[in-house]
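Next up, model_3.txt (compact mmCIF, C-alpha atoms):
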```txt
# COMPACT_ATOMS: atom_id res chain seq x y z
CA MET A 1 -36.98 16.84 20.55
CA GLN A 2 -33.77 18.62 21.49
CA LEU A 3 -32.37 15.46 23.13
CA ARG A 4 -33.32 13.44 20.05
CA ASN A 5 -31.47 15.90 17.77
CA ILE A 6 -28.39 15.75 20.00
CA ALA A 7 -28.48 11.95 19.85
CA LEU A 8 -28.73 12.00 16.06
CA VAL A 9 -25.77 14.36 15.80
CA ALA A 10 -23.72 12.14 18.13
CA LEU A 11 -24.61 9.10 16.03
CA ALA A 12 -23.56 10.90 12.85
CA LEU A 13 -20.25 11.95 14.36
CA THR A 14 -19.58 8.38 15.46
CA ALA A 15 -20.32 7.13 11.95
CA VAL A 16 -17.65 9.44 10.53
CA GLY A 17 -15.03 7.26 12.21
CA THR A 18 -16.22 4.09 10.43
CA MET A 19 -17.65 5.07 7.03
CA ALA A 20 -15.24 5.87 4.21
CA ARG A 21 -15.56 9.27 2.55
CA ALA A 22 -14.16 10.51 -0.75
CA ASP A 23 -11.13 12.08 0.91
CA ASP A 24 -10.34 9.08 3.14
CA TRP A 25 -7.41 6.72 2.55
CA ALA A 26 -9.00 3.42 3.53
CA GLN A 27 -6.59 0.91 2.01
CA TRP A 28 -3.10 0.36 0.62
CA ARG A 29 -2.28 3.08 -1.95
CA GLY A 30 -5.55 4.90 -1.41
CA PRO A 31 -9.11 4.83 -2.74
CA LYS A 32 -8.28 3.10 -6.06
CA ARG A 33 -5.03 1.36 -5.03
CA ASP A 34 -3.12 3.61 -7.41
CA GLY A 35 -1.40 5.92 -4.89
CA ILE A 36 -3.59 8.90 -5.78
CA SER A 37 -5.88 10.97 -3.55
CA GLN A 38 -8.74 12.97 -5.08
CA GLU A 39 -8.29 15.85 -2.64
CA LYS A 40 -8.02 19.44 -3.89
CA GLY A 41 -7.04 22.75 -2.38
CA LEU A 42 -3.70 21.60 -0.96
CA LEU A 43 -0.66 23.76 -0.32
CA LYS A 44 1.32 24.30 -3.52
CA ALA A 45 4.57 25.01 -1.70
CA TRP A 46 6.04 24.40 1.75
CA PRO A 47 8.20 26.65 3.94
CA ALA A 48 11.73 25.46 4.70
CA SER A 49 10.55 23.94 7.98
CA GLY A 50 7.78 22.02 6.22
CA PRO A 51 3.98 22.22 6.63
CA LYS A 52 2.43 22.77 10.07
CA LEU A 53 2.88 19.81 12.43
CA VAL A 54 -0.45 18.89 14.03
CA TRP A 55 0.89 16.11 16.26
CA GLN A 56 3.58 13.46 16.57
CA VAL A 57 3.46 10.09 18.34
CA LYS A 58 6.80 8.45 19.14
CA ASP A 59 5.77 5.08 20.55
CA ILE A 60 3.49 3.35 18.06
CA GLY A 61 5.76 0.28 17.92
CA GLY A 62 8.19 -1.00 15.30
CA GLY A 63 7.72 -1.94 11.68
CA TYR A 64 7.13 -0.52 8.21
CA SER A 65 3.34 -0.64 7.83
CA THR A 66 1.75 2.33 6.09
CA PRO A 67 -1.30 3.70 7.95
CA VAL A 68 -4.81 4.21 6.61
CA VAL A 69 -7.27 6.94 7.60
CA VAL A 70 -11.07 6.79 7.64
CA GLY A 71 -12.91 9.75 9.11
CA ASN A 72 -11.44 10.61 12.49
CA ARG A 73 -9.47 7.38 12.89
CA LEU A 74 -6.09 6.13 11.76
CA TYR A 75 -5.22 2.42 11.68
CA VAL A 76 -1.74 0.88 11.43
CA LEU A 77 0.15 -2.36 12.12
CA SER A 78 3.14 -2.36 14.47
CA ASN A 79 5.10 -4.77 16.62
CA GLU A 80 6.85 -4.95 19.99
CA GLY A 81 9.66 -7.48 19.88
CA MET A 82 9.28 -10.59 17.75
CA GLU A 83 6.33 -12.17 19.57
CA ASN A 84 3.76 -9.39 19.45
CA GLU A 85 2.43 -7.88 16.21
CA PHE A 86 -0.81 -5.91 16.38
CA VAL A 87 -3.17 -3.56 14.60
CA ARG A 88 -4.04 -0.34 16.40
CA ALA A 89 -6.48 2.54 16.04
CA TYR A 90 -5.56 6.17 16.78
CA SER A 91 -7.46 9.43 16.84
CA THR A 92 -6.59 11.69 13.90
CA THR A 93 -7.35 14.68 16.12
CA ASN A 94 -4.51 14.20 18.60
CA GLY A 95 -2.82 10.88 17.88
CA LYS A 96 -4.26 9.21 20.99
CA GLN A 97 -4.42 5.40 20.88
CA LEU A 98 -8.01 4.07 20.92
CA TRP A 99 -7.57 0.28 20.81
CA SER A 100 -5.04 -2.45 20.04
CA THR A 101 -5.61 -6.03 18.80
CA ARG A 102 -2.87 -8.65 18.63
CA LEU A 103 -2.44 -10.51 15.32
CA GLY A 104 0.40 -12.91 16.17
CA ALA A 105 4.17 -13.14 16.09
CA VAL A 106 6.49 -11.38 13.65
CA GLY A 107 7.14 -13.51 10.57
CA ASN A 108 10.58 -14.78 9.56
CA PRO A 109 12.49 -13.00 12.34
CA LYS A 110 15.82 -14.49 11.14
CA GLN A 111 15.86 -12.69 7.78
CA ASN A 112 19.00 -12.02 5.79
CA PRO A 113 19.38 -9.07 5.37
CA SER A 114 17.41 -8.69 8.59
CA TYR A 115 14.50 -6.22 8.75
CA PRO A 116 11.83 -8.09 10.74
CA GLY A 117 8.67 -6.26 11.69
CA SER A 118 5.12 -5.39 10.67
CA ARG A 119 4.71 -4.71 6.96
CA SER A 120 1.15 -4.89 5.69
CA THR A 121 -1.30 -2.01 5.48
CA PRO A 122 -4.79 -2.75 6.85
CA THR A 123 -7.92 -2.38 4.72
CA VAL A 124 -11.04 -0.69 6.09
CA ASP A 125 -14.39 -1.73 4.63
CA GLY A 126 -17.36 -0.14 6.38
CA LYS A 127 -17.46 -1.25 10.01
CA PHE A 128 -14.70 -3.82 9.58
CA LEU A 129 -10.95 -3.86 9.12
CA TYR A 130 -8.82 -6.59 7.52
CA ALA A 131 -5.19 -6.93 8.57
CA LEU A 132 -2.47 -9.37 7.55
CA GLY A 133 0.36 -9.91 10.02
CA SER A 134 3.87 -10.63 8.77
CA ASP A 135 3.60 -14.27 9.90
CA GLY A 136 0.47 -14.80 7.81
CA ASP A 137 -2.18 -14.13 10.46
CA LEU A 138 -5.18 -12.63 8.66
CA ALA A 139 -7.80 -11.03 10.90
CA CYS A 140 -11.12 -9.27 10.49
CA VAL A 141 -11.86 -6.90 13.39
CA GLU A 142 -14.48 -4.30 14.20
CA THR A 143 -13.23 -0.77 13.49
CA ALA A 144 -15.13 0.65 16.45
CA THR A 145 -13.62 -1.61 19.10
CA GLY A 146 -10.89 -3.81 17.59
CA LYS A 147 -12.96 -6.88 18.54
CA LEU A 148 -11.93 -9.96 16.55
CA VAL A 149 -14.61 -11.21 14.14
CA TRP A 150 -12.66 -14.04 12.45
CA LYS A 151 -9.08 -15.10 11.88
CA LYS A 152 -7.16 -17.29 9.43
CA SER A 153 -3.54 -18.37 9.05
CA LEU A 154 -2.06 -18.33 5.53
CA ARG A 155 0.47 -20.88 6.73
CA ALA A 156 -1.73 -23.31 8.69
CA ASP A 157 -4.97 -23.00 6.68
CA PHE A 158 -3.51 -22.87 3.16
CA GLY A 159 -0.02 -24.39 3.42
CA GLY A 160 1.47 -21.00 2.64
CA THR A 161 5.15 -20.12 2.66
CA ALA A 162 6.34 -16.54 3.09
CA GLY A 163 9.25 -15.09 1.16
CA VAL A 164 12.52 -14.21 2.88
CA TRP A 165 11.08 -10.93 4.21
CA ALA A 166 7.83 -12.42 5.49
CA TYR A 167 4.26 -11.68 4.44
CA SER A 168 4.05 -8.10 3.19
CA GLU A 169 0.95 -7.76 1.02
CA SER A 170 -2.09 -5.72 2.01
CA PRO A 171 -5.47 -7.49 1.75
CA LEU A 172 -7.72 -6.51 -1.16
CA VAL A 173 -11.44 -6.27 -0.38
CA ASP A 174 -13.62 -6.56 -3.49
CA GLY A 175 -17.36 -6.94 -3.11
CA ASN A 176 -17.93 -9.86 -0.73
CA LYS A 177 -14.36 -11.16 -1.08
CA VAL A 178 -11.01 -10.67 0.65
CA ILE A 179 -8.07 -11.50 -1.61
CA VAL A 180 -4.68 -12.59 -0.23
CA SER A 181 -1.73 -14.62 -1.55
CA PRO A 182 -0.64 -17.45 0.80
CA GLY A 183 2.09 -18.71 -1.55
CA SER A 184 1.60 -22.47 -1.96
CA GLU A 185 1.18 -24.90 -4.86
CA SER A 186 -2.52 -25.33 -4.15
CA ALA A 187 -3.23 -21.76 -3.04
CA ALA A 188 -1.00 -19.15 -4.62
CA MET A 189 -3.96 -16.79 -4.17
CA VAL A 190 -7.24 -17.24 -2.31
CA ALA A 191 -10.59 -15.50 -2.00
CA LEU A 192 -12.34 -15.53 1.38
CA ASP A 193 -15.82 -14.47 2.37
CA LYS A 194 -15.25 -11.12 4.05
CA LYS A 195 -17.99 -11.72 6.64
CA THR A 196 -16.99 -15.21 7.78
CA GLY A 197 -13.50 -15.95 6.45
CA ALA A 198 -14.82 -19.01 4.61
CA THR A 199 -12.83 -20.02 1.53
CA LEU A 200 -14.57 -19.10 -1.73
CA TRP A 201 -11.82 -20.27 -4.08
CA LYS A 202 -8.15 -21.21 -4.18
CA SER A 203 -5.97 -20.46 -7.19
CA ALA A 204 -3.26 -23.02 -7.93
CA ILE A 205 -0.65 -21.38 -10.16
CA PRO A 206 2.18 -23.56 -11.51
CA GLY A 207 5.57 -22.82 -9.97
CA GLU A 208 4.28 -20.54 -7.22
CA LYS A 209 5.56 -22.08 -3.99
CA ALA A 210 6.21 -18.99 -1.85
CA ALA A 211 4.53 -15.62 -1.45
CA SER A 212 6.06 -12.48 -2.86
CA TYR A 213 5.65 -8.93 -1.50
CA ALA A 214 3.25 -6.99 -3.76
CA SER A 215 -0.48 -6.40 -3.29
CA ALA A 216 -3.22 -7.31 -5.75
CA ILE A 217 -5.41 -4.91 -7.71
CA ALA A 218 -8.82 -5.46 -9.33
CA VAL A 219 -9.24 -4.65 -13.03
CA GLU A 220 -11.62 -5.45 -15.87
CA ILE A 221 -10.10 -6.53 -19.19
CA GLY A 222 -12.02 -8.00 -22.10
CA GLY A 223 -15.22 -7.84 -20.07
CA VAL A 224 -13.81 -10.08 -17.34
CA ARG A 225 -13.14 -8.86 -13.80
CA GLN A 226 -9.79 -10.15 -12.61
CA TYR A 227 -7.23 -9.77 -9.87
CA VAL A 228 -3.74 -8.82 -10.98
CA GLN A 229 -0.91 -9.79 -8.64
CA TYR A 230 2.90 -9.65 -8.90
CA LEU A 231 3.95 -13.10 -7.67
CA SER A 232 7.37 -14.72 -7.32
CA LYS A 233 7.35 -16.16 -10.85
CA GLY A 234 5.70 -13.28 -12.65
CA VAL A 235 2.62 -11.08 -12.91
CA VAL A 236 -0.67 -12.94 -13.19
CA GLY A 237 -4.32 -12.23 -13.84
CA VAL A 238 -6.87 -14.55 -12.26
CA GLU A 239 -10.61 -14.57 -12.81
CA ALA A 240 -12.32 -12.77 -9.93
CA ALA A 241 -15.29 -15.15 -9.85
CA THR A 242 -13.34 -18.43 -9.78
CA GLY A 243 -9.59 -17.85 -9.27
CA LYS A 244 -8.86 -19.38 -12.68
CA LEU A 245 -5.46 -18.34 -14.09
CA LEU A 246 -6.12 -16.19 -17.16
CA TRP A 247 -2.63 -14.99 -18.10
CA ARG A 248 0.95 -14.70 -16.92
CA PHE A 249 3.83 -12.33 -17.70
CA ASP A 250 7.40 -13.08 -16.61
CA LYS A 251 9.47 -10.38 -18.32
CA THR A 252 9.85 -8.17 -15.24
CA LEU A 253 11.16 -10.80 -12.85
CA ASP A 254 13.84 -9.75 -10.39
CA THR A 255 16.65 -12.19 -11.12
CA ARG A 256 18.97 -10.53 -8.58
CA PHE A 257 17.02 -10.44 -5.32
CA GLY A 258 13.64 -12.05 -6.05
CA MET A 259 12.04 -8.88 -4.67
CA HIS A 260 8.67 -8.30 -6.35
CA ALA A 261 7.09 -5.56 -4.25
CA LEU A 262 5.78 -2.88 -6.61
CA THR A 263 1.98 -3.00 -6.76
CA PRO A 264 0.89 -3.39 -10.40
CA ILE A 265 -0.35 -0.26 -12.15
CA ALA A 266 -3.10 -0.67 -14.74
CA SER A 267 -4.45 1.51 -17.52
CA THR A 268 -6.92 -0.03 -19.99
CA ASN A 269 -5.11 -3.25 -21.00
CA LEU A 270 -1.57 -2.24 -19.98
CA ILE A 271 -0.16 -3.60 -16.71
CA TYR A 272 3.06 -2.04 -15.39
CA THR A 273 5.37 -3.77 -12.92
CA GLY A 274 8.96 -3.11 -11.91
CA ALA A 275 11.86 -4.72 -10.08
CA ALA A 276 15.61 -4.22 -9.78
CA SER A 277 16.38 -6.38 -12.83
CA ALA A 278 13.69 -5.12 -15.19
CA SER A 279 10.61 -2.93 -15.42
CA GLY A 280 7.97 -2.70 -18.09
CA ALA A 281 4.40 -3.14 -19.20
CA ALA A 282 2.44 -6.15 -20.35
CA LYS A 283 -0.25 -5.76 -22.99
CA ILE A 284 -3.19 -8.00 -22.16
CA SER A 285 -5.33 -9.13 -25.10
CA ALA A 286 -8.62 -11.03 -25.00
CA ALA A 287 -10.07 -13.15 -27.79
CA ALA A 288 -12.67 -15.92 -27.77
CA GLY A 289 -12.64 -16.09 -24.00
CA SER A 290 -8.87 -16.53 -23.64
CA PHE A 291 -6.15 -14.05 -22.70
CA THR A 292 -2.56 -13.44 -23.74
CA ALA A 293 0.10 -11.25 -22.15
CA ASP A 294 2.72 -9.76 -24.47
CA SER A 295 5.48 -7.28 -23.80
CA ALA A 296 4.50 -3.68 -24.57
CA TYR A 297 8.00 -2.56 -23.50
CA ILE A 298 10.81 -3.39 -21.10
CA GLU A 299 12.82 -0.54 -19.54
CA ARG A 300 15.34 -1.67 -16.95
CA LYS A 301 15.59 1.83 -15.49
CA GLY A 302 11.86 2.40 -15.04
CA PRO A 303 10.32 3.07 -11.59
CA ASN A 304 10.94 -0.07 -9.57
CA SER A 305 11.51 0.76 -5.91
CA LEU A 306 9.70 -0.40 -2.77
CA GLY A 307 8.09 3.05 -2.75
CA GLY A 308 5.90 2.29 -5.76
CA ALA A 309 4.88 4.58 -8.59
CA VAL A 310 1.87 6.68 -9.62
CA ARG A 311 0.35 7.21 -13.06
CA ILE A 312 -0.96 10.71 -13.69
CA GLY A 313 -2.38 11.15 -17.16
CA ASP A 314 0.04 9.72 -19.70
CA TYR A 315 3.01 9.70 -17.32
CA LEU A 316 4.44 7.51 -14.59
CA TYR A 317 6.36 8.90 -11.59
CA GLY A 318 8.51 6.90 -9.20
CA THR A 319 12.06 6.17 -8.15
CA SER A 320 14.66 3.73 -9.42
CA GLY A 321 17.54 3.54 -6.99
CA PRO A 322 18.33 7.13 -5.96
CA VAL A 323 16.69 8.66 -9.06
CA LEU A 324 13.18 10.10 -9.34
CA LEU A 325 11.84 9.42 -12.83
CA CYS A 326 9.07 10.66 -15.06
CA THR A 327 8.37 8.20 -17.88
CA GLU A 328 5.76 7.78 -20.59
CA PHE A 329 3.38 5.13 -19.33
CA ALA A 330 2.58 3.75 -22.79
CA THR A 331 6.18 3.46 -24.02
CA GLY A 332 8.49 3.48 -20.98
CA LYS A 333 10.48 6.38 -22.47
CA ILE A 334 12.23 8.43 -19.77
CA VAL A 335 11.10 12.06 -19.91
CA TRP A 336 13.21 13.41 -17.03
CA GLU A 337 15.19 12.17 -14.06
CA GLU A 338 16.39 13.82 -10.85
CA ARG A 339 18.63 12.57 -8.05
CA GLY A 340 17.50 15.17 -5.48
CA ILE A 341 15.40 13.12 -3.05
CA GLY A 342 16.91 9.64 -3.43
CA ALA A 343 14.97 6.37 -3.24
CA ALA A 344 11.50 7.22 -1.92
CA ALA A 345 7.91 6.10 -1.45
CA ILE A 346 5.36 8.17 -3.37
CA CYS A 347 1.73 9.24 -3.42
CA ALA A 348 -0.05 12.01 -5.31
CA ALA A 349 -2.86 14.54 -4.87
CA ASP A 350 -3.97 17.79 -6.50
CA GLY A 351 -1.23 17.74 -9.16
CA LEU A 352 1.45 17.21 -6.50
CA LEU A 353 3.81 14.36 -5.66
CA PHE A 354 4.50 13.58 -1.99
CA LEU A 355 7.73 11.68 -1.41
CA HIS A 356 9.03 10.00 1.73
CA SER A 357 12.69 9.27 1.22
CA GLU A 358 14.41 6.22 2.65
CA ASN A 359 16.63 8.66 4.60
CA GLY A 360 13.52 10.10 6.32
CA GLU A 361 13.20 13.36 4.38
CA VAL A 362 9.84 14.43 2.95
CA ALA A 363 9.55 16.34 -0.33
CA LEU A 364 6.84 18.02 -2.39
CA VAL A 365 7.30 17.91 -6.17
CA ALA A 366 5.06 19.13 -9.00
CA ALA A 367 3.56 16.35 -11.12
CA ASN A 368 4.95 18.07 -14.20
CA PRO A 369 6.00 15.96 -17.22
CA THR A 370 8.09 18.76 -18.72
CA LYS A 371 10.58 19.23 -15.88
CA TYR A 372 11.45 18.46 -12.26
CA THR A 373 10.12 21.18 -9.95
CA GLU A 374 10.64 20.81 -6.20
CA LEU A 375 8.17 22.77 -4.07
CA GLY A 376 9.47 21.97 -0.61
CA ARG A 377 11.56 19.57 1.44
CA PHE A 378 12.05 19.02 5.16
CA ALA A 379 13.20 16.48 7.72
CA PRO A 380 10.50 15.53 10.27
CA SER A 381 11.46 16.32 13.86
CA ALA A 382 12.69 13.71 16.34
CA GLN A 383 13.23 10.92 13.82
CA PRO A 384 13.93 7.40 15.13
CA ASP A 385 17.31 5.72 15.15
CA ARG A 386 17.02 3.38 12.16
CA GLY A 387 20.35 1.60 12.51
CA GLN A 388 20.79 -0.36 9.27
CA SER A 389 17.09 0.00 8.46
CA LYS A 390 15.42 2.63 6.25
CA ALA A 391 12.23 4.69 6.15
CA TRP A 392 10.09 2.43 3.96
CA ALA A 393 6.52 3.37 4.97
CA HIS A 394 4.59 5.23 2.27
CA PRO A 395 3.21 8.75 2.79
CA ILE A 396 -0.57 9.16 2.65
CA VAL A 397 -2.86 12.16 2.11
CA ALA A 398 -6.27 12.13 3.79
CA ASN A 399 -8.73 14.83 4.85
CA GLY A 400 -6.29 17.69 4.29
CA LYS A 401 -3.50 15.99 6.27
CA LEU A 402 -0.21 14.35 5.34
CA TYR A 403 0.70 11.33 7.46
CA ILE A 404 4.26 10.02 7.71
CA ARG A 405 5.25 6.81 9.52
CA ASP A 406 8.88 5.88 10.24
CA LEU A 407 9.41 2.84 12.47
CA GLY A 408 7.94 3.80 15.89
CA CYS A 409 7.13 7.40 14.94
CA LEU A 410 4.01 8.85 13.34
CA TRP A 411 3.57 12.47 12.22
CA CYS A 412 0.45 14.35 11.12
CA TYR A 413 0.86 17.57 9.07
CA ASP A 414 -1.74 20.08 7.92
CA ILE A 415 -1.37 20.54 4.14
CA LYS A 416 -4.69 22.22 3.39
CA ASN A 417 -4.34 25.56 1.62
```
Show me the file's structure as structure tokens.
Amino acid sequence: MQLRNIALVALALTAVGTMARADDWAQWRGPKRDGISQEKGLLKAWPASGPKLVWQVKDIGGGYSTPVVVGNRLYVLSNEGMENEFVRAYSTTNGKQLWSTRLGAVGNPKQNPSYPGSRSTPTVDGKFLYALGSDGDLACVETATGKLVWKKSLRADFGGTAGVWAYSESPLVDGNKVIVSPGSESAAMVALDKKTGATLWKSAIPGEKAASYASAIAVEIGGVRQYVQYLSKGVVGVEAATGKLLWRFDKTLDTRFGMHALTPIASTNLIYTGAASASGAAKISAAAGSFTADSAYIERKGPNSLGGAVRIGDYLYGTSGPVLLCTEFATGKIVWEERGIGAAAICAADGLLFLHSENGEVALVAANPTKYTELGRFAPSAQPDRGQSKAWAHPIVANGKLYIRDLGCLWCYDIKN
């Protein structure tokens, strides 16, 4: 009996590493793809040196991929040179590498400006992980071992073309489907069977001939489940069951750089997107089975950076250039702005904003719509030499820890109160 109990305990502990819990961060931008963790009881202020460092790993490989955490495991994409991009698993206890699986080569290595490297964040769904390499190699692997289950190429299998800065989106897993955006006339977006990789539908969207850089979200509007994606020619909503184009909104296109990277943010029937040229919200209306997308507002200065934005209550927080903004989500009106941290990636938890600046600094700010209140700021130790590059990986909060990735370095901090 005692041996049986020990075996059951061991089995349960093993399951922790593969089954998502409420305080895990299993996909791009967290549990609901909105950049928000549901954790509570976190430190409300940091000392000058920052929260307690649990561990640091300095050799995870290059790239800008944001990690995910499920139970006692962390997963992240990295690369060594231009021929070897991979997804790896690490222990959240000590940062020890557990397995590594090659995806392919680095996509578009001759970029201009040139920042080649891994980009996508993997998605964990039960015992499986879905990772998209920067050259369009999409793989399903076992979380326990890294063993390859199936693999597809967005280029070879769907005629896809990456944007200048290669494939950057993070796969969306919804029910039995994996959603990705190859970027071709016949397959701007596709849905694949998550167990086999078989094609369930392809969405042909007029004018979409190359992939952009954002990641799709799942919403329900007018009783129809749909996938919202920020493509190269605008924001679209496609029917989840069939891939049929339902609506399109082109008022937040980036006419300067063609950089559409901010993951859409949804609330009821408002969809927010932002880019360097314009930011704003589309109002999606449904009538008699058809949809229209009209401009709710356009605010050029709204949150629009690579670091994304988070909606907390009626307010939106994010950076535009070097300025951190708080705006009214429904109107776009700027409530306050602060230049303290500079351009930064953002996530939120427990009424707090966690910011990872492009210069490598990390800041804690109150999610307060009345004023800017900084609660701590520090520079992680032994930062990498970025050269002309920047710290673009997003911070994540999982299981009482704050994880920061910057090129080949990965830090784990204890932020539990």
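Coordinates place atom CA of A:Lys390 at a distance of 17.4 Å from atom CA of A:Thr121.
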Per-residue nearest contacts of stretch 240-262 of chain A to stretch 193-212 of chain A (10 Å; only C-alpha atoms) as CSV:
```
residue,atom,partner,partner_atom,distance
A:Ala240,CA,A:Trp201,CA,9.5
A:Ala241,CA,A:Trp201,CA,8.5
A:Thr242,CA,A:Trp201,CA,6.2
A:Gly243,CA,A:Ser203,CA,4.9
A:Lys244,CA,A:Ser203,CA,6.3
A:Leu245,CA,A:Ile205,CA,6.9
A:Arg248,CA,A:Ile205,CA,9.6
A:Gly258,CA,A:Ser212,CA,8.2
A:Met259,CA,A:Ser212,CA,7.2
A:His260,CA,A:Ser212,CA,6.0
A:Ala261,CA,A:Ser212,CA,7.1
```
C-alpha atoms of the current selection, written as a CSV table (one decimal), in the frame of the given file:
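The result, written out as selection-v1.csv:
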```
chain,number,residue,atom,x,y,z
A,240,ALA,CA,-12.3,-12.8,-9.9
A,241,ALA,CA,-15.3,-15.2,-9.8
A,242,THR,CA,-13.3,-18.4,-9.8
A,243,GLY,CA,-9.6,-17.8,-9.3
A,244,LYS,CA,-8.9,-19.4,-12.7
A,245,LEU,CA,-5.5,-18.3,-14.1
A,248,ARG,CA,1.0,-14.7,-16.9
A,258,GLY,CA,13.6,-12.0,-6.0
A,259,MET,CA,12.0,-8.9,-4.7
A,260,HIS,CA,8.7,-8.3,-6.4
A,261,ALA,CA,7.1,-5.6,-4.2
```
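Among A:Leu355, A:Leu270, A:Val224, A:Leu410, the residue with the shortest atom-to-atom distance to A:Gly63, counting only C-alpha atoms, is A:Leu410.
From atom CA of A:Asp125 back to atom CA of A:Arg155, the distance works out to 24.3 Å.
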Using only C-alpha atoms, which residues of stretch 32-118 of chain A come within 9 Å of stretch 310-316 of chain A, and what is the closest atom pair for each, with the distance in Å to one decimal? Give it as JSON lines, sorted by chain and residue number.
```
{"residue": "A:Asp34", "atom": "CA", "partner": "A:Val310", "partner_atom": "CA", "distance": 6.3}
{"residue": "A:Gly35", "atom": "CA", "partner": "A:Val310", "partner_atom": "CA", "distance": 5.8}
{"residue": "A:Ile36", "atom": "CA", "partner": "A:Val310", "partner_atom": "CA", "distance": 7.0}
```
Report task. Could you check which of A:Ala282, A:Leu148, A:Ala363, A:Val76 is closest to A:Gly62, using only C-alpha atoms? Result -> A:Val76
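Atom CA of A:Lys147 sits 26.2 Å away from atom CA of A:Ala216.
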Report task. Kindly provide, as an NGL selection string, the polymer residues lying within 7 Å of (12.7, 15.3, -11.9), counting all atoms listed in the file and using the coordinates exactly as they appear in the file. Result -> :A and (324-326 or 336-338 or 371-373)
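With all atoms listed in the file as the atoms that count, the residue of A:Thr255, A:Ser381, A:Ser290, A:Ser389 with the shortest distance to A:Ser49 is A:Ser381.
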Model the absent atoms of stretch 280-285 of chain A so that all heavy atoms are present, and write the result as a short mmCIF file (atom, residue, chain, number, x, y, z; two decimals), in the coordinates of the input.
```
data_model
loop_
_atom_site.label_atom_id
_atom_site.label_comp_id
_atom_site.auth_asym_id
_atom_site.auth_seq_id
_atom_site.Cartn_x
_atom_site.Cartn_y
_atom_site.Cartn_z
N GLY A 280 8.64 -2.79 -16.81
CA GLY A 280 7.97 -2.70 -18.09
C GLY A 280 6.49 -2.94 -17.98
O GLY A 280 5.94 -3.11 -16.89
N ALA A 281 5.84 -2.98 -19.14
CA ALA A 281 4.40 -3.14 -19.20
C ALA A 281 4.03 -4.34 -20.05
O ALA A 281 4.63 -4.60 -21.10
CB ALA A 281 3.74 -1.89 -19.75
N ALA A 282 3.02 -5.06 -19.59
CA ALA A 282 2.44 -6.15 -20.35
C ALA A 282 1.17 -5.66 -21.03
O ALA A 282 0.39 -4.91 -20.43
CB ALA A 282 2.12 -7.32 -19.43
N LYS A 283 0.97 -6.07 -22.27
CA LYS A 283 -0.25 -5.76 -22.99
C LYS A 283 -1.13 -6.99 -22.96
O LYS A 283 -0.75 -8.06 -23.47
CB LYS A 283 0.05 -5.36 -24.44
CG LYS A 283 -1.20 -4.99 -25.23
CD LYS A 283 -0.84 -4.60 -26.67
CE LYS A 283 -2.10 -4.22 -27.45
NZ LYS A 283 -1.75 -3.86 -28.86
N ILE A 284 -2.29 -6.87 -22.33
CA ILE A 284 -3.19 -8.00 -22.16
C ILE A 284 -4.25 -7.96 -23.26
O ILE A 284 -4.96 -6.96 -23.42
CB ILE A 284 -3.87 -7.99 -20.78
CG1 ILE A 284 -2.83 -7.72 -19.67
CG2 ILE A 284 -4.60 -9.29 -20.54
CD1 ILE A 284 -1.69 -8.69 -19.62
N SER A 285 -4.36 -9.04 -24.01
CA SER A 285 -5.33 -9.13 -25.10
C SER A 285 -6.32 -10.26 -24.81
O SER A 285 -5.96 -11.29 -24.24
CB SER A 285 -4.62 -9.40 -26.43
OG SER A 285 -3.67 -8.39 -26.71
#
```
